[in-house]
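As structure tokens, the structure follows; a few thoughts come after it.
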Amino acid sequence: MFDCATLSSLAFNMILKSIFQPERRRRKRRFLNSSVQVFTGSAPVDALGINLSDVGMCVFTIANLPLGSQVEVEFLPPRSQEQVRVFGTVRHRALYLYGIEFLADADQRPADRVDFRTRDQSILS
């Protein structure tokens, strides 16, 4: 059994490790918390946008979106008055959380950077 001091030391070490660990992600993400529509080949699906970067987003939806499937995502970017609709590919799934990578154009090539601008500001500004 562990005593209180040992548990407290373990918890403290875990917190420090997570705080000072270098960022693993390629792009900076921002929390979104917004209504999102995901358009699949069969029907539109309601979703909740969790976070957003310039190359993709994480959404929560009670749906079955297979890995690698092509979708369209419609959402209202932060500080914007107009909805945007972009093509994407489902790249990650964890239960009902999906990672969607935005595509650059209709040729279905992964985006190097999808840059939505409203009044000369990026969606992540």
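Residues in the structure tokens are named by chain (A, B, ... in the order shown) and by number from 1 within that chain; ligands are numbered from 1 in the order shown.
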
Query raised in the report: Near segment 30-45 of chain A, within 8 Å and counting only C-alpha atoms, which residues show up once chain neighbours fewer than 6 positions away are dropped, as a PyMOL selection string?
Result: chain A and resi 51-53+59+61+63+70-76+78+124

Query - Contact residues around Pro66 of chain A with only C-alpha atoms at 9 Å, ignoring same-chain residues under 2 positions, as a list in words - result: Asn64, Gly68, Ser69, Val90, Arg91 and Arg93 of chain A

Would you output that residue set with C-alpha atoms, as a PDB file, in the first residue's frame?
ATOM      1  CA  ASN A  64     -19.753   6.089 -37.112  1.00  0.00           C
ATOM      2  CA  GLY A  68      -9.937   7.615 -43.933  1.00  0.00           C
ATOM      3  CA  SER A  69     -13.452   8.661 -44.921  1.00  0.00           C
ATOM      4  CA  VAL A  90     -11.110  11.413 -40.720  1.00  0.00           C
ATOM      5  CA  ARG A  91      -7.606  10.670 -39.395  1.00  0.00           C
ATOM      6  CA  ARG A  93     -11.004   8.166 -33.687  1.00  0.00           C
TER       7      ARG A  93
END

Query raised in the report: What is the distance, in Å and to one decimal place, between atom CA of Val84 of chain A and atom CA of Tyr96 of chain A?
Result: 22.8 Å

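Using only C-alpha atoms for every distance, the candidate list A:Leu67, A:Ile100, A:Leu48, A:Ile62 yields A:Ile100 as the residue closest to Gly88 of chain A.
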
Requested in this report: Identify, with DSSP run on backbone atoms, the residues in segment 15-109 of chain A assigned to alpha helix (DSSP H), and express the list as a PyMOL selection string.
Outcome: chain A and resi 15-19

Go ahead and save the residues from that selection, with C-alpha atoms, as a compact mmCIF listing (two decimals), in the first residue's frame.
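Final output, selection08.txt:
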# COMPACT_ATOMS: atom_id res chain seq x y z
CA ILE A 15 1.82 17.23 -12.79
CA LEU A 16 5.35 18.57 -13.25
CA LYS A 17 6.01 16.09 -16.04
CA SER A 18 2.90 17.18 -17.94
CA ILE A 19 3.58 20.90 -17.45

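The space separating atom CA of His92 of chain A from atom CA of Gly56 of chain A comes to 11.1 Å.
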
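Atom CA of Gly99 of chain A to atom CA of Pro77 of chain A spans 16.9 Å [interatomic distance, one decimal].
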